[in-house]
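> Contents of upload-v9.cif (mmCIF, C-alpha atoms):
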data_run
#
loop_
_atom_site.label_atom_id
_atom_site.label_comp_id
_atom_site.auth_asym_id
_atom_site.auth_seq_id
_atom_site.Cartn_x
_atom_site.Cartn_y
_atom_site.Cartn_z
CA MET Z 1 8.30 -25.11 34.85
CA THR Z 2 6.76 -23.26 31.91
CA GLU Z 3 8.83 -23.20 28.75
CA THR Z 4 9.36 -19.72 27.34
CA ARG Z 5 9.69 -18.69 23.73
CA THR Z 6 13.08 -17.42 22.59
CA ILE Z 7 12.94 -13.94 21.07
CA ALA Z 8 15.50 -12.97 18.44
CA SER Z 9 17.70 -10.08 19.45
CA PRO Z 10 17.15 -6.71 17.76
CA GLU Z 11 20.03 -5.13 15.89
CA PRO Z 12 20.22 -1.49 16.97
CA ASN Z 13 21.50 1.04 14.46
CA PRO Z 14 22.32 4.74 14.92
CA GLU Z 15 18.68 5.72 14.33
CA THR Z 16 17.27 3.25 16.87
CA GLN Z 17 20.04 3.08 19.49
CA LYS Z 18 18.33 5.55 21.85
CA PHE Z 19 15.13 3.46 21.68
CA TRP Z 20 17.00 0.31 22.74
CA ASP Z 21 19.00 2.16 25.42
CA ALA Z 22 15.71 3.39 26.92
CA ALA Z 23 14.25 -0.14 26.76
CA LYS Z 24 17.17 -1.30 28.93
CA GLU Z 25 15.96 1.25 31.50
CA GLY Z 26 12.32 0.13 31.24
CA GLU Z 27 11.22 3.17 29.21
CA LEU Z 28 9.24 3.13 25.98
CA LEU Z 29 10.24 5.90 23.59
CA ILE Z 30 8.49 7.05 20.45
CA MET Z 31 9.34 9.93 18.17
CA LYS Z 32 7.55 13.17 17.42
CA CYS Z 33 7.73 15.44 14.39
CA LYS Z 34 8.41 18.91 15.79
CA ASP Z 35 7.01 20.55 12.64
CA THR Z 36 3.57 18.90 12.90
CA GLY Z 37 3.48 17.74 16.53
CA ASN Z 38 2.55 14.24 15.32
CA PRO Z 39 4.03 11.24 17.14
CA TYR Z 40 5.28 8.26 15.15
CA PHE Z 41 6.74 4.81 15.48
CA TYR Z 42 9.11 3.05 14.22
CA PRO Z 43 12.07 5.26 15.18
CA ARG Z 44 13.73 7.01 12.26
CA ALA Z 45 15.73 10.19 11.87
CA ARG Z 46 13.30 11.88 9.48
CA SER Z 47 9.65 12.64 9.97
CA PRO Z 48 7.32 10.43 7.92
CA PHE Z 49 5.01 13.46 7.72
CA THR Z 50 7.39 16.10 6.36
CA GLY Z 51 10.70 14.41 5.57
CA SER Z 52 12.33 16.88 7.96
CA ASP Z 53 14.96 15.96 10.53
CA ASN Z 54 13.23 18.30 13.01
CA VAL Z 55 12.20 15.39 15.26
CA GLU Z 56 12.54 14.47 18.93
CA TRP Z 57 12.31 11.46 21.21
CA VAL Z 58 9.44 11.43 23.72
CA GLU Z 59 8.60 8.96 26.44
CA ALA Z 60 5.34 7.10 25.87
CA ALA Z 61 3.07 6.25 28.78
CA GLY Z 62 3.35 2.58 27.84
CA THR Z 63 -0.40 2.02 27.77
CA GLY Z 64 -2.82 1.45 24.94
CA GLU Z 65 -5.24 -1.05 23.49
CA ILE Z 66 -5.10 -4.01 21.14
CA TYR Z 67 -6.01 -2.93 17.61
CA THR Z 68 -5.76 -6.43 16.11
CA PHE Z 69 -4.02 -9.69 16.96
CA SER Z 70 -3.31 -13.27 15.94
CA VAL Z 71 -2.62 -16.21 18.24
CA MET Z 72 -0.15 -18.78 16.91
CA LYS Z 73 -1.34 -21.99 18.55
CA ARG Z 74 0.49 -24.36 16.20
CA ALA Z 75 3.87 -23.07 17.32
CA LYS Z 76 5.93 -25.20 19.70
CA ILE Z 77 5.23 -22.55 22.31
CA PRO Z 78 1.98 -20.68 21.47
CA TYR Z 79 2.25 -16.90 21.26
CA CYS Z 80 0.27 -13.82 20.29
CA ILE Z 81 1.37 -11.07 17.93
CA ALA Z 82 -0.62 -7.87 17.83
CA TYR Z 83 -0.81 -4.30 16.75
CA VAL Z 84 -1.22 -2.13 19.82
CA ARG Z 85 -2.41 1.46 19.49
CA LEU Z 86 -0.64 3.45 22.18
CA ASP Z 87 -2.52 6.16 24.04
CA GLU Z 88 -0.30 8.65 22.15
CA GLY Z 89 -1.94 7.50 18.89
CA VAL Z 90 0.84 5.48 17.26
CA THR Z 91 0.48 1.79 16.47
CA MET Z 92 3.23 -0.72 17.03
CA MET Z 93 3.60 -4.40 16.21
CA THR Z 94 4.36 -6.39 19.34
CA ASN Z 95 3.62 -9.52 21.35
CA ILE Z 96 0.93 -9.95 23.99
CA VAL Z 97 2.43 -11.86 26.94
CA ASP Z 98 1.78 -13.05 30.49
CA THR Z 99 -1.89 -13.81 29.89
CA ASP Z 100 -4.29 -16.54 28.80
CA LEU Z 101 -4.08 -16.30 25.00
CA ASP Z 102 -7.71 -17.42 24.71
CA LYS Z 103 -8.78 -14.23 26.50
CA VAL Z 104 -6.96 -11.71 24.29
CA ALA Z 105 -9.45 -9.34 22.63
CA ILE Z 106 -9.56 -6.38 20.28
CA GLY Z 107 -9.96 -3.21 22.33
CA GLN Z 108 -8.39 -4.79 25.42
CA LYS Z 109 -6.36 -2.34 27.50
CA VAL Z 110 -2.69 -3.25 27.76
CA LYS Z 111 0.52 -1.94 29.32
CA VAL Z 112 4.14 -2.33 28.30
CA VAL Z 113 6.49 -4.91 29.80
CA PHE Z 114 10.05 -5.53 28.68
CA LYS Z 115 11.14 -9.08 27.89
CA PRO Z 116 14.72 -10.25 27.33
CA THR Z 117 15.93 -11.54 23.97
CA GLU Z 118 18.63 -14.05 23.05
CA ASN Z 119 21.39 -11.57 23.92
CA GLY Z 120 19.53 -10.10 26.89
CA LEU Z 121 18.52 -6.82 25.19
CA PRO Z 122 14.91 -6.21 26.28
CA VAL Z 123 12.10 -5.59 23.81
CA PRO Z 124 8.76 -3.97 24.57
CA MET Z 125 5.79 -6.30 24.70
CA PHE Z 126 2.37 -5.82 26.24
CA THR Z 127 0.23 -7.50 28.87
CA PRO Z 128 -3.39 -6.84 29.87
CA ASP Z 129 -3.71 -3.81 32.13
#
For the structure just supplied, provide its representation as C-alpha cells.

Amino acid sequence: MTETRTIASPEPNPETQKFWDAAKEGELLIMKCKDTGNPYFYPRARSPFTGSDNVEWVEAAGTGEIYTFSVMKRAKIPYCIAYVRLDEGVTMMTNIVDTDLDKVAIGQKVKVVFKPTENGLPVPMFTPD
C-alpha cells in the first residue's frame, strides 16, 4: 500500500465559496473581468485589472502545461509543487500528482484532478495528460 500525503483543508470564504463548491462537482472555475475580458486566478470579487466588481465565474477546461516546478524529495512522502499555466492563460500554484516525480518537466501537458483534503473538500491538482 502506498502512503499518501495529507493535504490541509482549504478555508472557503464568501469570495471563494463558488470555487470550492464547483471543485466538489469536479469542475475547475476561474474568474474573468467583464470589462477587459481577461481571465484571472485566484478568485476574488474585484478585477485585478480594473478594480471593478464587474466579474464573472467561468469554467476552465482543466488543461495546461507546467510553467515551473519543484520536487520535495526530503519530505516524508515526496511531492511536487508547480505553477501550471492553464490553456485560458492564467497561472495557478498546485501539486503534480499520480506520476513519477523524476519525469516531471517544464512544458509538460497536464490535466486537472481533484484530490481530497483532511476534511474531504477536494482541491485541484494536476497530472500528466
> Looking at all atoms listed in the file, which of Z:Gly64, Z:Val90, Z:Pro78, Z:Asn95 is the one that sits closest to Z:Lys109?
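Looking at the shortest contact to Z:Lys109, the residue is Z:Gly64.
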> Quick one: which residues end up in the PyMOL selection byres ((chain Z and resi 47-61) around 9) for this structure, as a count of residues only?
27
> What residues come out when you apply the PyMOL selection byres ((chain Z and resi 76) around 12) to this file, written as a PyMOL selection string?
chain Z and resi 3-6+72-75+77-79
> So that I have them on file, write out the residues from the current selection with C-alpha atoms, as a compact mmCIF listing (two decimals), in the coordinates of the input.

# COMPACT_ATOMS: atom_id res chain seq x y z
CA GLU Z 3 8.83 -23.20 28.75
CA THR Z 4 9.36 -19.72 27.34
CA ARG Z 5 9.69 -18.69 23.73
CA THR Z 6 13.08 -17.42 22.59
CA MET Z 72 -0.15 -18.78 16.91
CA LYS Z 73 -1.34 -21.99 18.55
CA ARG Z 74 0.49 -24.36 16.20
CA ALA Z 75 3.87 -23.07 17.32
CA ILE Z 77 5.23 -22.55 22.31
CA PRO Z 78 1.98 -20.68 21.47
CA TYR Z 79 2.25 -16.90 21.26
> May I ask for the distance between atom CA of Z:Leu101 and atom CA of Z:Asp21, given in Å to one decimal place?
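Value for the atom CA of Z:Leu101-atom CA of Z:Asp21 distance: 29.6 Å.
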> Find the distance between atom CA of Z:Ser70 and atom CA of Z:Ala8 and write it in Å to one decimal.
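Those two atoms sit 19.0 Å apart.
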> Applying the PyMOL selection byres ((chain Z and resi 102) around 10) to the file I just gave you, which residues come out? Please list them as a PyMOL selection string.
chain Z and resi 71+73+80+99-101+103-105
> Please measure the separation of atom CA of Z:Tyr67 and atom CA of Z:Tyr83, giving the value in Å to one decimal.
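One can read the atom CA of Z:Tyr67 to atom CA of Z:Tyr83 distance as 5.4 Å.
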> Edge lengths and centre in Å to one decimal, as AutoDock Vina command-line options, is what I'm after for the box along x, y and z that holds all listed atoms of stretch 28-44 of chain Z once 5 Å is added on each side.

--center_x 8.1 --center_y 11.8 --center_z 19.1 --size_x 21.2 --size_y 27.5 --size_z 23.7
> Taking only C-alpha atoms into account, name the residue in Z:Asn13, Z:Gly37, Z:Met93, Z:Ile66 that is nearest to Z:Pro124.
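Checking each candidate against Z:Pro124, we get Z:Met93 as the closest.
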> With only C-alpha atoms as the basis for distance, which of Z:Phe41, Z:Glu11, Z:Gln108, Z:Val123 is at the shortest distance from Z:Thr91?
Z:Phe41
> Counting only C-alpha atoms, which residue out of Z:Pro10, Z:Gly107, Z:Pro122, Z:Gly89 sits closest to Z:Ala23?
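Once distances to Z:Ala23 are computed over only C-alpha atoms, the minimum belongs to Z:Pro122.
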